[in-house]
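Right, one structure below, let's go through it.
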Amino acid sequence: MRRFSGSTAVVTGAGSGIGEQTAIRLAAEGARVVLVGRTVSKLEKAAEQINSSLSEPVAEIFRADVTAEEDVEELAHFITQNYGTLHVLINNAGASGTSTILDLPASEWGRIQDTNAKSVFLVSKALGKIMIDNNSGENRAIINVASLSGHKAGAMIPHYSSSKAAVINFTKALAVEMAPHGVRVNSVSPGFAETPLTEEGLKNKRFEQAIVKNTALRRVGKPEEIANVISFAASKEASYMTGTDLLVDGGWMIT
Ligand code: NAI
């Protein structure tokens, strides 16, 4: 399938994990992809992987901290100058941490809200304008990567689960605002997937066993399995879907 031929896509947090796999998938299906993140070496490695597997290079990188409004404005300028338009935006960058509420420093609460929720607002605002401006009726979609934790508060991640609940609700508000412009907006909520974000936790075998036991499919997910669903939601196959959340959790919620 080449569902993204002729499309331009931006993926934030594309240097690793789910973002990297999503960028690979979109490029394999014909998109020109801009990989956004803070660490140039990680982005270069991911872009090189994409470009070396295709007959012509389609991936390029842009260094930006998605919590910084000036970086996001520069990204918007870069997209306008170099591509003129934007079809697909994947707001994937995110961070986590563990603490009880009573022990949580306000600064850490702020860091997680900024990285997971404020960034989605800033990037959607800046790049959403480009998606609207040059709308010629093609498929256009924004996918925000939320989390199972945005639906169900987990122990020790109050800041993370609150930020992801914000992403799920913001997605619906943005979907209403963008619908008249032909841009669909949905969120994808992964359950537990094997990425750098979860690497430390998964080193603890008792923790991993607890995750597996609580997952109906009895295993942890792979980042490609989340990327597949993100790609579907971003494609024209999902043309009548907006303002919803797709839970990709191996059946965690039903156990
Ligand atoms: P990851 O750590 O590999 O990916 C997150 C990426 O975001 C990293 O490359 C990181 O450098 C980047 N990033 C963080 N802050 C940034 C900033 N201020 N500016 C630009 N880039 C920044 O982990 P993973 O798992 O691939 O995470 C991707 C998304 O999936 C996140 O939003 C995460 O919350 C979400 N998620 C992951 C789950 C999992 O089990 N792996 C479960 C539920 C949600």
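Chain identifiers are assigned as A, B, and so on, following the order in which chains appear in the structure tokens; residues are numbered from 1 within each chain, and ligands are numbered from 1 in order of appearance.
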Contacts of Ile132 of chain A within 9 Å, only C-alpha atoms, excl. fewer than 2 positions in-chain, as a list in words: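 Residues near the query, excluding close chain neighbours: Thr85, Leu86, Leu127, Gly128, Lys129, Ile130, Asn134, Asn135, Met178, His181, Gly182 and Val183 of chain A.
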Close residues to ligand 1 using only C-alpha atoms and all ligand atoms, limit 6 Å, as an MDAnalysis selection string: chainID A and resid 13:19 37:38 64:67 92:95 115 145:148 190:198
Using DSSP on the backbone coordinates, identify the residues of segment 8-77 of chain A assigned to alpha helix (DSSP H); present them as number ranges by chain. A: 17-28, 40-52, 69-77
Spatial neighbours of segment 161-163 of chain A, max dist 7 Å, only C-alpha atoms, sep filter under 5 positions, as a compact mmCIF listing (two decimals) with C-alpha atoms, in the first residue's frame:
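Output (selection_22.txt):
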```
# COMPACT_ATOMS: atom_id res chain seq x y z
CA GLN A 113 2.49 18.86 31.21
CA ASN A 116 3.00 15.97 26.66
CA ALA A 117 0.15 18.49 26.51
CA SER A 149 -3.05 6.27 31.14
CA GLY A 150 -5.15 9.15 29.83
CA ALA A 153 -4.97 6.73 36.12
```
Who sits within 12 Å of Phe62 of chain A, only C-alpha atoms, same chain under 3 positions skipped, as a PyMOL selection string: chain A and resi 10-15+33-44+47+59+65-66+71-72+74-79+82
Output file for the selection above: C-alpha atoms, as a PDB file, in the first residue's frame:
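Result file follows (selection_6.pdb):
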```
ATOM      1  CA  VAL A  10       5.729  15.858  10.263  1.00  0.00           C
ATOM      2  CA  VAL A  11       6.437  13.449  13.128  1.00  0.00           C
ATOM      3  CA  THR A  12       7.569  14.851  16.490  1.00  0.00           C
ATOM      4  CA  GLY A  13       9.758  12.780  18.767  1.00  0.00           C
ATOM      5  CA  ALA A  14      10.804  10.849  15.661  1.00  0.00           C
ATOM      6  CA  GLY A  15      14.280   9.881  16.855  1.00  0.00           C
ATOM      7  CA  VAL A  33       8.654  13.017   6.190  1.00  0.00           C
ATOM      8  CA  VAL A  34      10.168  15.672   8.442  1.00  0.00           C
ATOM      9  CA  LEU A  35      11.535  14.099  11.606  1.00  0.00           C
ATOM     10  CA  VAL A  36      11.387  16.529  14.522  1.00  0.00           C
ATOM     11  CA  GLY A  37      13.122  16.252  17.887  1.00  0.00           C
ATOM     12  CA  ARG A  38      15.804  17.684  20.134  1.00  0.00           C
ATOM     13  CA  THR A  39      18.660  15.238  19.575  1.00  0.00           C
ATOM     14  CA  VAL A  40      20.129  15.613  16.089  1.00  0.00           C
ATOM     15  CA  SER A  41      22.158  12.381  16.231  1.00  0.00           C
ATOM     16  CA  LYS A  42      19.023  10.288  16.905  1.00  0.00           C
ATOM     17  CA  LEU A  43      17.066  12.058  14.158  1.00  0.00           C
ATOM     18  CA  GLU A  44      19.922  11.637  11.667  1.00  0.00           C
ATOM     19  CA  ALA A  47      16.379   9.571   8.663  1.00  0.00           C
ATOM     20  CA  ALA A  59      13.219  12.027   5.068  1.00  0.00           C
ATOM     21  CA  ASP A  65      12.129  21.411  21.346  1.00  0.00           C
ATOM     22  CA  VAL A  66       8.361  21.122  20.949  1.00  0.00           C
ATOM     23  CA  ASP A  71      11.308  26.455  17.961  1.00  0.00           C
ATOM     24  CA  VAL A  72       7.802  25.494  16.851  1.00  0.00           C
ATOM     25  CA  GLU A  74      10.727  28.057  13.171  1.00  0.00           C
ATOM     26  CA  LEU A  75       9.468  24.584  12.292  1.00  0.00           C
ATOM     27  CA  ALA A  76       6.318  26.096  10.763  1.00  0.00           C
ATOM     28  CA  HIS A  77       8.455  28.512   8.742  1.00  0.00           C
ATOM     29  CA  PHE A  78      10.681  25.634   7.565  1.00  0.00           C
ATOM     30  CA  ILE A  79       7.661  23.603   6.393  1.00  0.00           C
ATOM     31  CA  ASN A  82      10.447  23.932   1.878  1.00  0.00           C
TER      32      ASN A  82
END
```
What parts of segment 33-217 of chain A does DSSP call strand (DSSP E)? I'd like the answer as a VMD selection string. chain A and resid 33 to 37 59 to 63 88 to 91 140 to 145 183 to 190
Keeping N, CA and C atoms, export the residues of the selection given above as a PDB file, in the first residue's frame.
```
ATOM      1  N   VAL A  33       8.816  12.924   4.734  1.00  0.00           N
ATOM      2  CA  VAL A  33       8.654  13.017   6.190  1.00  0.00           C
ATOM      3  C   VAL A  33       9.703  13.931   6.808  1.00  0.00           C
ATOM      4  N   VAL A  34       9.251  14.834   7.670  1.00  0.00           N
ATOM      5  CA  VAL A  34      10.168  15.672   8.442  1.00  0.00           C
ATOM      6  C   VAL A  34      10.186  15.135   9.871  1.00  0.00           C
ATOM      7  N   LEU A  35      11.372  14.691  10.277  1.00  0.00           N
ATOM      8  CA  LEU A  35      11.535  14.099  11.606  1.00  0.00           C
ATOM      9  C   LEU A  35      11.965  15.198  12.570  1.00  0.00           C
ATOM     10  N   VAL A  36      11.153  15.418  13.598  1.00  0.00           N
ATOM     11  CA  VAL A  36      11.387  16.529  14.522  1.00  0.00           C
ATOM     12  C   VAL A  36      11.748  15.991  15.903  1.00  0.00           C
ATOM     13  N   GLY A  37      12.736  16.628  16.524  1.00  0.00           N
ATOM     14  CA  GLY A  37      13.122  16.252  17.887  1.00  0.00           C
ATOM     15  C   GLY A  37      14.252  17.137  18.361  1.00  0.00           C
ATOM     16  N   ALA A  59      13.232  11.600   3.666  1.00  0.00           N
ATOM     17  CA  ALA A  59      13.219  12.027   5.068  1.00  0.00           C
ATOM     18  C   ALA A  59      14.244  13.113   5.298  1.00  0.00           C
ATOM     19  N   GLU A  60      13.849  14.140   6.032  1.00  0.00           N
ATOM     20  CA  GLU A  60      14.830  15.105   6.501  1.00  0.00           C
ATOM     21  C   GLU A  60      14.512  15.464   7.942  1.00  0.00           C
ATOM     22  N   ILE A  61      15.488  16.081   8.602  1.00  0.00           N
ATOM     23  CA  ILE A  61      15.304  16.312  10.033  1.00  0.00           C
ATOM     24  C   ILE A  61      15.158  17.796  10.323  1.00  0.00           C
ATOM     25  N   PHE A  62      14.524  18.088  11.449  1.00  0.00           N
ATOM     26  CA  PHE A  62      14.458  19.464  11.927  1.00  0.00           C
ATOM     27  C   PHE A  62      14.582  19.424  13.441  1.00  0.00           C
ATOM     28  N   ARG A  63      15.612  20.114  13.970  1.00  0.00           N
ATOM     29  CA  ARG A  63      15.808  20.099  15.424  1.00  0.00           C
ATOM     30  C   ARG A  63      14.875  21.104  16.089  1.00  0.00           C
ATOM     31  N   VAL A  88      -0.033  15.663   6.912  1.00  0.00           N
ATOM     32  CA  VAL A  88      -0.133  14.784   8.095  1.00  0.00           C
ATOM     33  C   VAL A  88       0.763  15.318   9.206  1.00  0.00           C
ATOM     34  N   LEU A  89       0.191  15.450  10.393  1.00  0.00           N
ATOM     35  CA  LEU A  89       0.973  15.838  11.578  1.00  0.00           C
ATOM     36  C   LEU A  89       0.793  14.783  12.660  1.00  0.00           C
ATOM     37  N   ILE A  90       1.910  14.218  13.117  1.00  0.00           N
ATOM     38  CA  ILE A  90       1.862  13.238  14.207  1.00  0.00           C
ATOM     39  C   ILE A  90       2.517  13.868  15.432  1.00  0.00           C
ATOM     40  N   ASN A  91       1.696  14.274  16.405  1.00  0.00           N
ATOM     41  CA  ASN A  91       2.208  14.824  17.661  1.00  0.00           C
ATOM     42  C   ASN A  91       2.516  13.664  18.597  1.00  0.00           C
ATOM     43  N   ARG A 140      -6.137  15.154   4.924  1.00  0.00           N
ATOM     44  CA  ARG A 140      -5.319  15.875   5.900  1.00  0.00           C
ATOM     45  C   ARG A 140      -5.701  15.426   7.292  1.00  0.00           C
ATOM     46  N   ALA A 141      -4.692  15.114   8.107  1.00  0.00           N
ATOM     47  CA  ALA A 141      -5.009  14.571   9.436  1.00  0.00           C
ATOM     48  C   ALA A 141      -3.939  14.895  10.461  1.00  0.00           C
ATOM     49  N   ILE A 142      -4.396  15.108  11.678  1.00  0.00           N
ATOM     50  CA  ILE A 142      -3.511  15.267  12.837  1.00  0.00           C
ATOM     51  C   ILE A 142      -3.774  14.085  13.764  1.00  0.00           C
ATOM     52  N   ILE A 143      -2.701  13.420  14.182  1.00  0.00           N
ATOM     53  CA  ILE A 143      -2.830  12.341  15.159  1.00  0.00           C
ATOM     54  C   ILE A 143      -2.019  12.727  16.391  1.00  0.00           C
ATOM     55  N   ASN A 144      -2.670  12.747  17.535  1.00  0.00           N
ATOM     56  CA  ASN A 144      -1.987  13.026  18.799  1.00  0.00           C
ATOM     57  C   ASN A 144      -1.785  11.714  19.544  1.00  0.00           C
ATOM     58  N   VAL A 145      -0.557  11.455  19.954  1.00  0.00           N
ATOM     59  CA  VAL A 145      -0.299  10.206  20.683  1.00  0.00           C
ATOM     60  C   VAL A 145      -0.587  10.453  22.167  1.00  0.00           C
ATOM     61  N   VAL A 183      -9.779  19.007   7.910  1.00  0.00           N
ATOM     62  CA  VAL A 183      -8.670  18.327   8.602  1.00  0.00           C
ATOM     63  C   VAL A 183      -9.253  17.457   9.720  1.00  0.00           C
ATOM     64  N   ARG A 184      -8.955  16.157   9.672  1.00  0.00           N
ATOM     65  CA  ARG A 184      -9.422  15.250  10.728  1.00  0.00           C
ATOM     66  C   ARG A 184      -8.410  15.241  11.877  1.00  0.00           C
ATOM     67  N   VAL A 185      -8.901  15.089  13.104  1.00  0.00           N
ATOM     68  CA  VAL A 185      -8.006  15.068  14.270  1.00  0.00           C
ATOM     69  C   VAL A 185      -8.424  13.922  15.189  1.00  0.00           C
ATOM     70  N   ASN A 186      -7.500  13.014  15.442  1.00  0.00           N
ATOM     71  CA  ASN A 186      -7.787  11.877  16.328  1.00  0.00           C
ATOM     72  C   ASN A 186      -6.594  11.634  17.235  1.00  0.00           C
ATOM     73  N   SER A 187      -6.838  10.885  18.307  1.00  0.00           N
ATOM     74  CA  SER A 187      -5.709  10.477  19.146  1.00  0.00           C
ATOM     75  C   SER A 187      -5.589   8.965  19.132  1.00  0.00           C
ATOM     76  N   VAL A 188      -4.359   8.496  19.363  1.00  0.00           N
ATOM     77  CA  VAL A 188      -4.106   7.067  19.504  1.00  0.00           C
ATOM     78  C   VAL A 188      -3.525   6.870  20.897  1.00  0.00           C
ATOM     79  N   SER A 189      -4.105   5.947  21.653  1.00  0.00           N
ATOM     80  CA  SER A 189      -3.653   5.701  23.026  1.00  0.00           C
ATOM     81  C   SER A 189      -2.988   4.336  23.136  1.00  0.00           C
ATOM     82  N   PRO A 190      -1.652   4.309  23.136  1.00  0.00           N
ATOM     83  CA  PRO A 190      -0.979   3.020  23.286  1.00  0.00           C
ATOM     84  C   PRO A 190      -1.096   2.495  24.715  1.00  0.00           C
TER      85      PRO A 190
END
```
So how far away is atom CA of Pro158 of chain A from atom CA of Ser107 of chain A, in Å?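 Between these atoms lies a distance of 13.7 Å.
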